[in-house]
>>> print(open('upload38.txt').read())   # compact mmCIF, N, CA and C atoms
# COMPACT_ATOMS: atom_id res chain seq x y z
N MET A 1 -22.11 -13.87 -1.22
CA MET A 1 -21.13 -13.00 -1.84
C MET A 1 -20.42 -12.17 -0.77
N SER A 2 -19.13 -12.12 -0.83
CA SER A 2 -18.33 -11.35 0.13
C SER A 2 -18.40 -9.87 -0.17
N THR A 3 -18.31 -9.06 0.87
CA THR A 3 -18.27 -7.62 0.68
C THR A 3 -16.89 -7.09 1.03
N ILE A 4 -16.42 -6.16 0.21
CA ILE A 4 -15.13 -5.51 0.43
C ILE A 4 -15.40 -4.04 0.71
N GLU A 5 -14.87 -3.56 1.82
CA GLU A 5 -14.99 -2.15 2.18
C GLU A 5 -13.60 -1.58 2.37
N THR A 6 -13.37 -0.40 1.85
CA THR A 6 -12.08 0.27 2.02
C THR A 6 -12.29 1.58 2.76
N SER A 7 -11.29 1.95 3.56
CA SER A 7 -11.34 3.23 4.27
C SER A 7 -9.93 3.56 4.75
N LEU A 8 -9.72 4.85 5.01
CA LEU A 8 -8.45 5.26 5.59
C LEU A 8 -8.38 4.70 7.01
N LEU A 9 -7.22 4.18 7.37
CA LEU A 9 -7.04 3.60 8.71
C LEU A 9 -6.59 4.67 9.69
N SER A 10 -6.96 4.48 10.94
CA SER A 10 -6.56 5.39 12.01
C SER A 10 -5.79 4.58 13.06
N ILE A 11 -5.33 5.25 14.07
CA ILE A 11 -4.54 4.62 15.13
C ILE A 11 -5.27 3.45 15.78
N GLY A 12 -6.59 3.49 15.79
CA GLY A 12 -7.37 2.41 16.38
C GLY A 12 -7.28 1.11 15.60
N SER A 13 -6.70 1.14 14.41
CA SER A 13 -6.56 -0.05 13.57
C SER A 13 -5.22 -0.76 13.77
N ALA A 14 -4.37 -0.27 14.67
CA ALA A 14 -3.02 -0.83 14.83
C ALA A 14 -3.04 -2.32 15.14
N HIS A 15 -3.95 -2.74 15.99
CA HIS A 15 -4.03 -4.16 16.38
C HIS A 15 -4.33 -5.05 15.17
N GLU A 16 -5.18 -4.57 14.26
CA GLU A 16 -5.52 -5.34 13.06
C GLU A 16 -4.42 -5.25 12.01
N LEU A 17 -3.76 -4.10 11.92
CA LEU A 17 -2.74 -3.89 10.90
C LEU A 17 -1.45 -4.65 11.19
N ALA A 18 -1.08 -4.78 12.45
CA ALA A 18 0.20 -5.39 12.83
C ALA A 18 0.42 -6.78 12.22
N PRO A 19 -0.53 -7.70 12.25
CA PRO A 19 -0.28 -9.01 11.64
C PRO A 19 -0.10 -8.93 10.12
N LEU A 20 -0.75 -7.99 9.47
CA LEU A 20 -0.57 -7.84 8.02
C LEU A 20 0.82 -7.32 7.70
N LEU A 21 1.32 -6.37 8.49
CA LEU A 21 2.68 -5.87 8.28
C LEU A 21 3.71 -6.99 8.44
N ALA A 22 3.51 -7.83 9.45
CA ALA A 22 4.42 -8.96 9.68
C ALA A 22 4.35 -9.95 8.52
N ALA A 23 3.16 -10.24 8.03
CA ALA A 23 3.00 -11.18 6.91
C ALA A 23 3.65 -10.62 5.64
N CYS A 24 3.52 -9.33 5.42
CA CYS A 24 4.14 -8.71 4.25
C CYS A 24 5.66 -8.82 4.32
N ALA A 25 6.23 -8.52 5.47
CA ALA A 25 7.69 -8.62 5.63
C ALA A 25 8.16 -10.05 5.41
N GLN A 26 7.43 -11.02 5.91
CA GLN A 26 7.79 -12.43 5.73
C GLN A 26 7.73 -12.80 4.25
N GLU A 27 6.68 -12.38 3.58
CA GLU A 27 6.51 -12.73 2.17
C GLU A 27 7.59 -12.12 1.29
N ARG A 28 8.07 -10.96 1.67
CA ARG A 28 9.11 -10.30 0.88
C ARG A 28 10.49 -10.86 1.19
N GLY A 29 10.55 -11.90 2.03
CA GLY A 29 11.82 -12.56 2.31
C GLY A 29 12.73 -11.76 3.22
N ARG A 30 12.14 -11.03 4.14
CA ARG A 30 12.94 -10.21 5.05
C ARG A 30 13.15 -10.92 6.38
N GLY A 31 13.57 -12.17 6.31
CA GLY A 31 13.92 -12.88 7.53
C GLY A 31 12.84 -13.82 8.02
N ALA A 32 13.07 -14.32 9.21
CA ALA A 32 12.15 -15.28 9.84
C ALA A 32 10.81 -14.60 10.10
N PRO A 33 9.77 -15.41 10.26
CA PRO A 33 8.45 -14.81 10.54
C PRO A 33 8.52 -13.88 11.74
N ARG A 34 7.99 -12.69 11.56
CA ARG A 34 7.98 -11.72 12.65
C ARG A 34 6.66 -11.82 13.39
N ARG A 35 6.71 -11.54 14.66
CA ARG A 35 5.46 -11.48 15.40
C ARG A 35 4.84 -10.12 15.14
N PRO A 36 3.54 -10.04 15.17
CA PRO A 36 2.90 -8.75 14.95
C PRO A 36 3.39 -7.71 15.94
N ASP A 37 3.77 -6.55 15.44
CA ASP A 37 4.34 -5.48 16.24
C ASP A 37 3.37 -4.28 16.24
N GLU A 38 2.55 -4.20 17.27
CA GLU A 38 1.57 -3.13 17.33
C GLU A 38 2.21 -1.75 17.48
N PHE A 39 3.35 -1.68 18.16
CA PHE A 39 4.03 -0.39 18.30
C PHE A 39 4.44 0.13 16.93
N TYR A 40 5.01 -0.74 16.09
CA TYR A 40 5.40 -0.32 14.74
C TYR A 40 4.17 0.08 13.93
N ALA A 41 3.09 -0.67 14.04
CA ALA A 41 1.86 -0.33 13.33
C ALA A 41 1.36 1.06 13.76
N GLU A 42 1.45 1.35 15.05
CA GLU A 42 1.05 2.67 15.54
C GLU A 42 1.94 3.77 14.97
N LEU A 43 3.25 3.51 14.92
CA LEU A 43 4.17 4.50 14.33
C LEU A 43 3.79 4.78 12.88
N LEU A 44 3.54 3.74 12.14
CA LEU A 44 3.18 3.89 10.73
C LEU A 44 1.86 4.65 10.58
N LEU A 45 0.89 4.29 11.39
CA LEU A 45 -0.41 4.97 11.31
C LEU A 45 -0.34 6.43 11.75
N ASN A 46 0.64 6.78 12.57
CA ASN A 46 0.83 8.16 13.01
C ASN A 46 1.82 8.94 12.16
N ASP A 47 2.37 8.29 11.13
CA ASP A 47 3.37 8.96 10.30
C ASP A 47 2.78 10.23 9.70
N ARG A 48 3.54 11.31 9.71
CA ARG A 48 3.02 12.60 9.25
C ARG A 48 2.94 12.70 7.74
N THR A 49 3.58 11.79 7.01
CA THR A 49 3.56 11.89 5.55
C THR A 49 2.78 10.79 4.86
N ALA A 50 2.56 9.68 5.53
CA ALA A 50 1.91 8.53 4.90
C ALA A 50 0.42 8.51 5.20
N SER A 51 -0.32 8.02 4.23
CA SER A 51 -1.74 7.70 4.42
C SER A 51 -1.88 6.20 4.20
N ILE A 52 -2.74 5.55 4.97
CA ILE A 52 -2.90 4.10 4.85
C ILE A 52 -4.38 3.79 4.68
N LEU A 53 -4.68 3.14 3.57
CA LEU A 53 -6.03 2.64 3.31
C LEU A 53 -6.07 1.18 3.70
N GLY A 54 -7.14 0.77 4.30
CA GLY A 54 -7.33 -0.64 4.64
C GLY A 54 -8.48 -1.21 3.83
N ALA A 55 -8.41 -2.50 3.60
CA ALA A 55 -9.50 -3.22 2.93
C ALA A 55 -10.00 -4.29 3.87
N ARG A 56 -11.31 -4.29 4.08
CA ARG A 56 -11.94 -5.29 4.92
C ARG A 56 -12.80 -6.19 4.05
N LEU A 57 -12.59 -7.48 4.21
CA LEU A 57 -13.39 -8.50 3.53
C LEU A 57 -14.29 -9.11 4.58
N ASP A 58 -15.58 -8.93 4.40
CA ASP A 58 -16.56 -9.41 5.38
C ASP A 58 -16.22 -8.94 6.80
N GLY A 59 -15.76 -7.69 6.91
CA GLY A 59 -15.49 -7.08 8.20
C GLY A 59 -14.10 -7.28 8.77
N HIS A 60 -13.27 -8.12 8.13
CA HIS A 60 -11.92 -8.40 8.64
C HIS A 60 -10.88 -7.68 7.78
N LEU A 61 -9.93 -6.98 8.44
CA LEU A 61 -8.87 -6.29 7.70
C LEU A 61 -7.97 -7.33 7.04
N VAL A 62 -7.91 -7.30 5.71
CA VAL A 62 -7.15 -8.30 4.96
C VAL A 62 -6.12 -7.68 4.02
N GLY A 63 -6.09 -6.35 3.93
CA GLY A 63 -5.13 -5.70 3.04
C GLY A 63 -4.97 -4.24 3.39
N TYR A 64 -3.89 -3.66 2.88
CA TYR A 64 -3.62 -2.24 3.11
C TYR A 64 -2.82 -1.68 1.94
N ALA A 65 -2.89 -0.37 1.82
CA ALA A 65 -2.11 0.37 0.83
C ALA A 65 -1.55 1.60 1.51
N VAL A 66 -0.24 1.82 1.36
CA VAL A 66 0.43 2.99 1.92
C VAL A 66 0.76 3.93 0.76
N PHE A 67 0.33 5.18 0.88
CA PHE A 67 0.60 6.12 -0.19
C PHE A 67 0.96 7.50 0.36
N PHE A 68 1.54 8.31 -0.51
CA PHE A 68 2.05 9.62 -0.13
C PHE A 68 1.58 10.67 -1.11
N ASP A 69 1.42 11.88 -0.63
CA ASP A 69 1.13 13.06 -1.43
C ASP A 69 2.47 13.78 -1.61
N LEU A 70 2.89 13.98 -2.86
CA LEU A 70 4.20 14.55 -3.14
C LEU A 70 4.09 15.74 -4.10
N PRO A 71 5.08 16.63 -4.06
CA PRO A 71 5.07 17.72 -5.03
C PRO A 71 5.46 17.19 -6.41
N ASN A 72 4.84 17.74 -7.43
CA ASN A 72 5.24 17.46 -8.80
C ASN A 72 6.26 18.54 -9.16
N THR A 73 7.52 18.17 -9.22
CA THR A 73 8.58 19.16 -9.42
C THR A 73 8.58 19.75 -10.83
N MET A 74 7.80 19.18 -11.72
CA MET A 74 7.76 19.69 -13.09
C MET A 74 6.79 20.87 -13.25
N ASN A 75 5.74 20.92 -12.42
CA ASN A 75 4.74 21.97 -12.63
C ASN A 75 4.20 22.59 -11.34
N GLY A 76 4.72 22.18 -10.18
CA GLY A 76 4.28 22.77 -8.92
C GLY A 76 2.96 22.23 -8.38
N ARG A 77 2.37 21.27 -9.08
CA ARG A 77 1.13 20.67 -8.60
C ARG A 77 1.47 19.50 -7.68
N ARG A 78 0.58 18.52 -7.53
CA ARG A 78 0.79 17.38 -6.64
C ARG A 78 0.65 16.08 -7.42
N ILE A 79 1.34 15.06 -6.95
CA ILE A 79 1.19 13.70 -7.45
C ILE A 79 1.07 12.78 -6.24
N GLY A 80 0.66 11.56 -6.48
CA GLY A 80 0.60 10.56 -5.42
C GLY A 80 1.57 9.45 -5.72
N GLN A 81 2.06 8.83 -4.67
CA GLN A 81 2.91 7.66 -4.83
C GLN A 81 2.35 6.53 -3.97
N LEU A 82 1.94 5.47 -4.63
CA LEU A 82 1.51 4.25 -3.95
C LEU A 82 2.77 3.46 -3.68
N ASP A 83 3.14 3.37 -2.42
CA ASP A 83 4.44 2.82 -2.06
C ASP A 83 4.38 1.36 -1.65
N GLU A 84 3.26 0.93 -1.11
CA GLU A 84 3.15 -0.45 -0.62
C GLU A 84 1.69 -0.85 -0.68
N MET A 85 1.44 -2.02 -1.24
CA MET A 85 0.10 -2.58 -1.21
C MET A 85 0.24 -4.07 -0.92
N PHE A 86 -0.57 -4.54 0.02
CA PHE A 86 -0.47 -5.94 0.44
C PHE A 86 -1.86 -6.47 0.75
N VAL A 87 -2.08 -7.70 0.30
CA VAL A 87 -3.30 -8.44 0.63
C VAL A 87 -2.86 -9.79 1.18
N ILE A 88 -3.41 -10.15 2.34
CA ILE A 88 -3.05 -11.43 2.97
C ILE A 88 -3.39 -12.57 2.01
N GLN A 89 -2.55 -13.59 2.00
CA GLN A 89 -2.61 -14.62 0.98
C GLN A 89 -3.98 -15.28 0.81
N ASP A 90 -4.67 -15.62 1.88
CA ASP A 90 -5.94 -16.33 1.73
C ASP A 90 -7.10 -15.44 1.28
N SER A 91 -6.82 -14.13 1.10
CA SER A 91 -7.85 -13.22 0.61
C SER A 91 -7.57 -12.71 -0.80
N ARG A 92 -6.58 -13.29 -1.45
CA ARG A 92 -6.26 -12.88 -2.82
C ARG A 92 -7.22 -13.50 -3.81
N GLU A 93 -7.24 -12.94 -4.99
CA GLU A 93 -8.13 -13.40 -6.07
C GLU A 93 -9.60 -13.22 -5.71
N LYS A 94 -9.87 -12.25 -4.83
CA LYS A 94 -11.25 -11.97 -4.42
C LYS A 94 -11.62 -10.51 -4.68
N GLY A 95 -10.74 -9.80 -5.38
CA GLY A 95 -11.01 -8.40 -5.70
C GLY A 95 -10.50 -7.40 -4.69
N VAL A 96 -9.78 -7.86 -3.66
CA VAL A 96 -9.31 -6.95 -2.61
C VAL A 96 -8.24 -5.99 -3.15
N GLY A 97 -7.27 -6.51 -3.90
CA GLY A 97 -6.23 -5.66 -4.47
C GLY A 97 -6.81 -4.59 -5.38
N LYS A 98 -7.75 -4.97 -6.22
CA LYS A 98 -8.39 -4.02 -7.13
C LYS A 98 -9.19 -2.99 -6.33
N ALA A 99 -9.85 -3.41 -5.27
CA ALA A 99 -10.61 -2.48 -4.43
C ALA A 99 -9.67 -1.46 -3.78
N LEU A 100 -8.51 -1.91 -3.31
CA LEU A 100 -7.53 -0.99 -2.73
C LEU A 100 -7.03 0.00 -3.78
N LEU A 101 -6.70 -0.51 -4.95
CA LEU A 101 -6.22 0.36 -6.03
C LEU A 101 -7.29 1.37 -6.43
N ASP A 102 -8.53 0.94 -6.51
CA ASP A 102 -9.63 1.86 -6.82
C ASP A 102 -9.77 2.93 -5.74
N ALA A 103 -9.61 2.54 -4.49
CA ALA A 103 -9.74 3.49 -3.38
C ALA A 103 -8.61 4.51 -3.40
N VAL A 104 -7.38 4.07 -3.67
CA VAL A 104 -6.26 5.01 -3.77
C VAL A 104 -6.48 5.93 -4.97
N SER A 105 -6.97 5.38 -6.08
CA SER A 105 -7.26 6.20 -7.26
C SER A 105 -8.32 7.25 -6.96
N ALA A 106 -9.33 6.87 -6.18
CA ALA A 106 -10.36 7.83 -5.79
C ALA A 106 -9.77 8.94 -4.92
N GLU A 107 -8.85 8.59 -4.03
CA GLU A 107 -8.14 9.59 -3.23
C GLU A 107 -7.36 10.53 -4.15
N ALA A 108 -6.73 9.96 -5.17
CA ALA A 108 -5.94 10.76 -6.12
C ALA A 108 -6.83 11.77 -6.84
N VAL A 109 -7.99 11.34 -7.27
CA VAL A 109 -8.93 12.24 -7.94
C VAL A 109 -9.41 13.31 -6.97
N GLY A 110 -9.75 12.89 -5.75
CA GLY A 110 -10.22 13.84 -4.74
C GLY A 110 -9.18 14.87 -4.35
N ARG A 111 -7.91 14.49 -4.43
CA ARG A 111 -6.83 15.41 -4.08
C ARG A 111 -6.30 16.16 -5.29
N ASP A 112 -6.89 15.91 -6.45
CA ASP A 112 -6.52 16.59 -7.70
C ASP A 112 -5.06 16.36 -8.09
N TRP A 113 -4.60 15.13 -7.89
CA TRP A 113 -3.23 14.79 -8.28
C TRP A 113 -3.12 14.69 -9.80
N ASP A 114 -1.95 15.02 -10.32
CA ASP A 114 -1.68 14.87 -11.74
C ASP A 114 -1.56 13.41 -12.14
N GLU A 115 -1.01 12.60 -11.26
CA GLU A 115 -0.83 11.18 -11.54
C GLU A 115 -0.63 10.41 -10.24
N LEU A 116 -0.70 9.10 -10.36
CA LEU A 116 -0.43 8.20 -9.24
C LEU A 116 0.69 7.27 -9.68
N ARG A 117 1.82 7.35 -9.02
CA ARG A 117 2.96 6.48 -9.31
C ARG A 117 2.91 5.30 -8.35
N TRP A 118 3.19 4.12 -8.86
CA TRP A 118 3.09 2.90 -8.06
C TRP A 118 4.45 2.23 -8.03
N VAL A 119 5.05 2.14 -6.85
CA VAL A 119 6.32 1.45 -6.66
C VAL A 119 5.99 -0.02 -6.41
N VAL A 120 6.45 -0.89 -7.30
CA VAL A 120 6.09 -2.30 -7.25
C VAL A 120 7.35 -3.14 -6.97
N PRO A 121 7.30 -3.99 -5.93
CA PRO A 121 8.46 -4.82 -5.61
C PRO A 121 8.63 -5.96 -6.63
N GLU A 122 9.83 -6.45 -6.73
CA GLU A 122 10.10 -7.60 -7.60
C GLU A 122 9.47 -8.88 -7.07
N LYS A 123 9.46 -9.02 -5.73
CA LYS A 123 8.87 -10.20 -5.10
C LYS A 123 7.76 -9.76 -4.17
N PRO A 124 6.71 -10.47 -4.09
CA PRO A 124 6.36 -11.69 -4.80
C PRO A 124 5.84 -11.37 -6.21
N PRO A 125 5.90 -12.35 -7.11
CA PRO A 125 5.45 -12.11 -8.48
C PRO A 125 4.00 -11.65 -8.59
N VAL A 126 3.15 -12.03 -7.64
CA VAL A 126 1.75 -11.62 -7.67
C VAL A 126 1.61 -10.10 -7.61
N ALA A 127 2.53 -9.42 -6.91
CA ALA A 127 2.47 -7.96 -6.83
C ALA A 127 2.71 -7.34 -8.19
N ARG A 128 3.72 -7.83 -8.88
CA ARG A 128 4.03 -7.30 -10.21
C ARG A 128 2.89 -7.61 -11.19
N ALA A 129 2.32 -8.80 -11.09
CA ALA A 129 1.23 -9.19 -11.97
C ALA A 129 0.03 -8.26 -11.80
N LEU A 130 -0.27 -7.88 -10.57
CA LEU A 130 -1.38 -6.96 -10.31
C LEU A 130 -1.09 -5.59 -10.94
N ALA A 131 0.14 -5.12 -10.78
CA ALA A 131 0.51 -3.82 -11.36
C ALA A 131 0.44 -3.85 -12.88
N GLU A 132 0.89 -4.94 -13.48
CA GLU A 132 0.85 -5.05 -14.93
C GLU A 132 -0.58 -5.17 -15.45
N ARG A 133 -1.47 -5.72 -14.63
CA ARG A 133 -2.87 -5.87 -15.03
C ARG A 133 -3.62 -4.53 -15.00
N PHE A 134 -3.34 -3.70 -13.99
CA PHE A 134 -4.11 -2.48 -13.81
C PHE A 134 -3.33 -1.19 -14.08
N GLY A 135 -2.04 -1.28 -14.28
CA GLY A 135 -1.23 -0.09 -14.54
C GLY A 135 -0.43 -0.25 -15.83
N HIS A 136 0.47 0.66 -16.05
CA HIS A 136 1.35 0.56 -17.21
C HIS A 136 2.71 1.12 -16.83
N PRO A 137 3.77 0.63 -17.49
CA PRO A 137 5.11 1.18 -17.19
C PRO A 137 5.12 2.69 -17.43
N ALA A 138 5.74 3.41 -16.52
CA ALA A 138 5.72 4.87 -16.59
C ALA A 138 7.06 5.45 -17.03
N GLY A 139 7.99 4.62 -17.38
CA GLY A 139 9.28 5.14 -17.80
C GLY A 139 10.21 5.49 -16.65
N TRP A 140 9.88 5.00 -15.46
CA TRP A 140 10.70 5.25 -14.29
C TRP A 140 11.29 3.93 -13.80
N SER A 141 12.47 4.00 -13.23
CA SER A 141 13.05 2.85 -12.54
C SER A 141 13.29 3.28 -11.09
N VAL A 142 13.06 2.38 -10.17
CA VAL A 142 13.26 2.68 -8.76
C VAL A 142 14.54 1.98 -8.31
N PHE A 143 15.42 2.72 -7.65
CA PHE A 143 16.68 2.17 -7.16
C PHE A 143 16.78 2.45 -5.66
N SER A 144 17.46 1.58 -4.96
CA SER A 144 17.73 1.77 -3.55
C SER A 144 19.19 2.19 -3.41
N VAL A 145 19.43 3.27 -2.73
CA VAL A 145 20.79 3.78 -2.54
C VAL A 145 21.22 3.43 -1.11
N PRO A 146 22.34 2.67 -0.97
CA PRO A 146 22.80 2.35 0.37
C PRO A 146 23.25 3.60 1.13
N LEU A 147 22.90 3.66 2.38
CA LEU A 147 23.28 4.80 3.20
C LEU A 147 24.33 4.39 4.21
N GLY A 148 25.31 5.25 4.38
CA GLY A 148 26.30 4.99 5.41
C GLY A 148 27.55 4.39 4.97
>>> encode(input="upload38.txt", output="structure tokens")
Amino acid sequence: MSTIETSLLSIGSAHELAPLLAACAQERGRGAPRRPDEFYAELLLNDRTASILGARLDGHLVGYAVFFDLPNTMNGRRIGQLDEMFVIQDSREKGVGKALLDAVSAEAVGRDWDELRWVVPEKPPVARALAERFGHPAGWSVFSVPLG
């Protein structure tokens, strides 16, 4: 039986995170396959607003979730936003996505958030299917506004 462990990632995880970031970008149809970019992974891991949870399957980093702590403008409390969750293709259907979601939910409880909002991409369909399985529509739509 495989073991899944989740934990917040630190700068020392950049080497492991970089190939997952590249695979995620490729899967979302953002151009030709990218080579793993450790500098970008380090920037993300050092971001002052983002937290990144990693999931290890039998000791290997196979997934991540990027989330943010945000103000709840309706009542002055806090909410969380799960902005990106990715599991490498050969590790899917093994409980990794659910383990990441459970870990982010535990962070939400620990931080006393009012809610956890999950931004789900249209592609790949597996991402939406996971959200529909474990979440529910919240009455929000996400739009991208072009800048410049």
>>> residues_around(input="upload38.txt", residues="range 72-79 of chain A", least_positions_apart="2", cutoff="12 Å", atoms="only C-alpha atoms", output="VMD selection string")
chain A and resid 67 to 70 81 to 82 105 107 to 118
>>> atom_distance(input="upload38.txt", atom1="CA of Ala50 in chain A", atom2="CA of Thr3 in chain A")
26.2 Å
>>> closest_residue(input="upload38.txt", among="A:Leu20, A:Pro146, A:Ile52, A:Glu42", to="Leu8 in chain A", atoms="only N, CA and C atoms")
A:Ile52
>>> residues_around(input="upload38.txt", residues="Leu45 in chain A", least_positions_apart="6", cutoff="7 Å", atoms="all atoms listed in the file", output="VMD selection string")
chain A and resid 9 to 11 52
>>> select_by_dssp(input="upload38.txt", residues="chain A", states="strand (DSSP E or B)", output="ChimeraX atom specification")
/A:4-8,50-57,60-71,78-87,116-118
>>> atom_distance(input="upload38.txt", atom1="CA of Val104 in chain A", atom2="CA of Gly59 in chain A")
19.4 Å
>>> closest_residue(input="upload38.txt", among="A:Ala129, A:Lys98, A:Phe86, A:Asp58", to="Met1 in chain A", atoms="only N, CA and C atoms")
A:Asp58
>>> atom_distance(input="upload38.txt", atom1="atom C of Val87 in chain A", atom2="atom N of Pro71 in chain A")
28.1 Å
>>> closest_residue(input="upload38.txt", among="A:Ala103, A:Val120, A:Val62, A:Ala131", to="Ile88 in chain A", atoms="all atoms listed in the file")
A:Val62
>>> select_by_dssp(input="upload38.txt", residues="range 9-138 of chain A", states="alpha helix (DSSP H)", output="PyMOL selection string")
chain A and resi 14-27+38-45+96-110+125-134
>>> decode(input="upload38.txt", residues="range 136-144 of chain A", atoms="all heavy atoms", output="JSON list (two decimals), in the first residue's frame")
[["chain", "number", "residue", "atom", "x", "y", "z"],
["A", 136, "HIS", "N", -18.60, 22.20, -3.97],
["A", 136, "HIS", "CA", -19.90, 22.55, -4.54],
["A", 136, "HIS", "C", -19.80, 23.96, -5.12],
["A", 136, "HIS", "O", -18.99, 24.77, -4.67],
["A", 136, "HIS", "CB", -21.01, 22.47, -3.48],
["A", 136, "HIS", "CG", -20.79, 23.37, -2.31],
["A", 136, "HIS", "ND1", -21.13, 24.70, -2.32],
["A", 136, "HIS", "CD2", -20.24, 23.15, -1.10],
["A", 136, "HIS", "CE1", -20.81, 25.25, -1.17],
["A", 136, "HIS", "NE2", -20.26, 24.32, -0.41],
["A", 137, "PRO", "N", -20.62, 24.24, -6.15],
["A", 137, "PRO", "CA", -20.60, 25.60, -6.71],
["A", 137, "PRO", "C", -20.92, 26.63, -5.62],
["A", 137, "PRO", "O", -21.82, 26.43, -4.81],
["A", 137, "PRO", "CB", -21.70, 25.57, -7.78],
["A", 137, "PRO", "CG", -21.87, 24.12, -8.11],
["A", 137, "PRO", "CD", -21.57, 23.37, -6.82],
["A", 138, "ALA", "N", -20.18, 27.71, -5.62],
["A", 138, "ALA", "CA", -20.31, 28.71, -4.56],
["A", 138, "ALA", "C", -21.02, 29.97, -5.03],
["A", 138, "ALA", "O", -21.12, 30.93, -4.28],
["A", 138, "ALA", "CB", -18.94, 29.05, -4.00],
["A", 139, "GLY", "N", -21.49, 29.98, -6.25],
["A", 139, "GLY", "CA", -22.17, 31.17, -6.73],
["A", 139, "GLY", "C", -21.23, 32.25, -7.23],
["A", 139, "GLY", "O", -21.62, 33.40, -7.38],
["A", 140, "TRP", "N", -19.97, 31.88, -7.46],
["A", 140, "TRP", "CA", -18.98, 32.82, -7.96],
["A", 140, "TRP", "C", -18.55, 32.39, -9.35],
["A", 140, "TRP", "O", -18.50, 31.21, -9.65],
["A", 140, "TRP", "CB", -17.73, 32.83, -7.07],
["A", 140, "TRP", "CG", -17.97, 33.24, -5.66],
["A", 140, "TRP", "CD1", -18.35, 32.43, -4.63],
["A", 140, "TRP", "CD2", -17.83, 34.53, -5.11],
["A", 140, "TRP", "NE1", -18.45, 33.14, -3.48],
["A", 140, "TRP", "CE2", -18.14, 34.45, -3.74],
["A", 140, "TRP", "CE3", -17.48, 35.77, -5.64],
["A", 140, "TRP", "CZ2", -18.11, 35.55, -2.90],
["A", 140, "TRP", "CZ3", -17.43, 36.85, -4.80],
["A", 140, "TRP", "CH2", -17.75, 36.75, -3.45],
["A", 141, "SER", "N", -18.20, 33.35, -10.17],
["A", 141, "SER", "CA", -17.57, 33.07, -11.45],
["A", 141, "SER", "C", -16.21, 33.78, -11.45],
["A", 141, "SER", "O", -16.10, 34.89, -10.93],
["A", 141, "SER", "CB", -18.40, 33.58, -12.62],
["A", 141, "SER", "OG", -19.63, 32.88, -12.68],
["A", 142, "VAL", "N", -15.22, 33.14, -12.02],
["A", 142, "VAL", "CA", -13.89, 33.73, -12.07],
["A", 142, "VAL", "C", -13.65, 34.20, -13.51],
["A", 142, "VAL", "O", -13.86, 33.45, -14.46],
["A", 142, "VAL", "CB", -12.81, 32.71, -11.65],
["A", 142, "VAL", "CG1", -11.42, 33.31, -11.79],
["A", 142, "VAL", "CG2", -13.06, 32.24, -10.23],
["A", 143, "PHE", "N", -13.20, 35.45, -13.65],
["A", 143, "PHE", "CA", -12.91, 36.02, -14.95],
["A", 143, "PHE", "C", -11.48, 36.53, -14.96],
["A", 143, "PHE", "O", -10.96, 36.95, -13.93],
["A", 143, "PHE", "CB", -13.86, 37.17, -15.27],
["A", 143, "PHE", "CG", -15.29, 36.76, -15.42],
["A", 143, "PHE", "CD1", -16.12, 36.65, -14.31],
["A", 143, "PHE", "CD2", -15.79, 36.44, -16.66],
["A", 143, "PHE", "CE1", -17.43, 36.25, -14.43],
["A", 143, "PHE", "CE2", -17.11, 36.04, -16.81],
["A", 143, "PHE", "CZ", -17.94, 35.95, -15.69],
["A", 144, "SER", "N", -10.87, 36.51, -16.11],
["A", 144, "SER", "CA", -9.54, 37.07, -16.30],
["A", 144, "SER", "C", -9.70, 38.40, -17.03],
["A", 144, "SER", "O", -10.35, 38.47, -18.06],
["A", 144, "SER", "CB", -8.69, 36.10, -17.11],
["A", 144, "SER", "OG", -7.40, 36.63, -17.29]]
